[in-house]
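Chemist: Handing you a structure now.
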Amino acid sequence: MLTIAPGLFMITLSAIALGAAFGGYLPLMALWMETLEISFQRIGIVSGTTAIGIVFSAYYAPRLARRFGNVITINLGLLLAAIMSVAFRYTEVFGLWLAIRFIGGMGLGLHWVLTEAWLARIVSDKGRTKVMAIYASAIGIGFAVGPVIIWVFGFMTVIPFYVIAALLILAALPIYMLRNDEPQMS
């Protein structure tokens, strides 16, 4: 039997919104860059920069959380990722795209690293596998829903970029609601 720890439901909701934003953003970015006749290789490099930012954030996330708390750190990361998602659409400079995607990846990474660590702290060893499966499923559901943004809003205008940003802000709300229940960083 799985005991529902405070935070599991809200973190799961946040993970769905984050997954939807990320699942929509990757193809959106690539499709839009393709309309600018950017090469496949450059699109791949820009896309990969996001992953580098995510990995980079894993190193700093615990330090930031100890200093500012999980809720503030996660939500500032989501806000940063939202701003970078919109900023990406307003430039056509390759170097800026790399910087924007790296910074956006760091923002996304703060959510992933800290919410997984949060779940690991609030769940017993016996229930951890089930909880992490729920968390991974939530992100997966979001990934599956994300491309619908392109189907509904297209990819030629700024609107889907703002929708992605709105989803990232939406992902911050359940985390904010946990501000009185966050575990202490050791």
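Simple scheme: letters A, B, ... for chains in structure tokens order, numbers from 1 for residues in each chain, numbers from 1 for ligands in the order shown.
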May I have the residues within 8 Å of A:Met10 as an mmCIF file with C-alpha atoms, in the first residue's frame, using only C-alpha atoms and disregarding those fewer than 6 positions away in the same chain?

Modeler:
```cif
data_model
loop_
_atom_site.group_PDB
_atom_site.id
_atom_site.type_symbol
_atom_site.label_atom_id
_atom_site.label_comp_id
_atom_site.auth_asym_id
_atom_site.auth_seq_id
_atom_site.Cartn_x
_atom_site.Cartn_y
_atom_site.Cartn_z
ATOM 1 C CA PRO A 174 1.457 23.453 -7.367
ATOM 2 C CA ILE A 175 5.039 23.842 -6.132
ATOM 3 C CA MET A 177 1.268 25.578 -2.780
ATOM 4 C CA LEU A 178 3.825 23.333 -1.036
#
```

Chemist: Which residue gives the smallest distance to A:Leu31 among A:Phe155, A:Phe161, A:Tyr176, A:Tyr135, with only C-alpha atoms counted?

Modeler: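 Of A:Phe155, A:Phe161, A:Tyr176, A:Tyr135, the one nearest A:Leu31 is A:Phe155, counting only C-alpha atoms.
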
Chemist: Closest to A:Ile45 among A:Ala144, A:Leu80, A:Leu98, A:Met33, using only C-alpha atoms?

Modeler: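 Residue with the minimum atom-to-atom distance to A:Ile45: A:Leu98.
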
Chemist: Just the residues within 6 Å of A:Ile16, please, counting only C-alpha atoms, with nothing from its chain fewer than 2 positions along; format it as a list in words.

Modeler: Leu13, Ser14, Leu18, Gly19, Ala138, Ile139 and Gly142 of chain A

Chemist: Write out, as a CSV table (one decimal), in the first residue's frame, the residues just selected, with N, CA and C atoms.

Modeler:
```csv
chain,number,residue,atom,x,y,z
A,13,LEU,N,1.2,17.0,-10.4
A,13,LEU,CA,0.6,18.0,-11.2
A,13,LEU,C,1.6,18.9,-11.9
A,14,SER,N,2.6,19.4,-11.2
A,14,SER,CA,3.6,20.2,-11.7
A,14,SER,C,4.4,19.5,-12.8
A,18,LEU,N,5.1,20.6,-16.6
A,18,LEU,CA,6.5,20.7,-17.1
A,18,LEU,C,6.7,19.8,-18.3
A,19,GLY,N,6.2,18.5,-18.2
A,19,GLY,CA,6.4,17.6,-19.4
A,19,GLY,C,5.7,18.1,-20.6
A,138,ALA,N,3.9,10.9,-14.9
A,138,ALA,CA,3.3,12.3,-15.0
A,138,ALA,C,4.1,13.1,-16.1
A,139,ILE,N,5.4,13.0,-16.0
A,139,ILE,CA,6.2,13.7,-17.0
A,139,ILE,C,5.9,13.1,-18.4
A,142,GLY,N,2.7,14.4,-19.8
A,142,GLY,CA,3.0,15.7,-20.3
A,142,GLY,C,3.7,15.7,-21.6
```

Chemist: Could you tell me which of A:Phe22, A:Phe102, A:Gly7, A:Asn75 comes closest to A:Gly48 if we count only C-alpha atoms?

Modeler: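 Comparing A:Phe22, A:Phe102, A:Gly7, A:Asn75 against A:Gly48, the winner is A:Phe102.
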
Chemist: Go through A:Ala21, A:Met156, A:Ile100, A:Leu110 and flag the residue nearest A:Tyr59, using only C-alpha atoms for the distances.

Modeler: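 Looking only at the distances to A:Tyr59, the closest residue turns out to be A:Leu110.
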
Chemist: From the options A:Ala165, A:Pro62, A:Ile150, A:Asp125, which residue's atoms come nearest to A:Ala30, counting only C-alpha atoms?

Modeler: A:Ile150

Chemist: Rounded to one decimal place, report the atom CA of A:Ile122-atom CA of A:Asn70 distance in Å.

Modeler: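 These two atoms are separated by 13.3 Å.
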
Chemist: With only C-alpha atoms as the basis for distance, which of A:Phe9, A:Phe56, A:Phe68, A:Tyr162 is at the shortest distance from A:Gly105?

Modeler: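 Of A:Phe9, A:Phe56, A:Phe68, A:Tyr162, the one nearest A:Gly105, counting only C-alpha atoms, is A:Phe56.
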
Chemist: By how many Å are atom CA of A:Gly77 and atom CA of A:Leu108 apart?

Modeler: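 Separating atom CA of A:Gly77 from atom CA of A:Leu108 is a distance of 6.2 Å.
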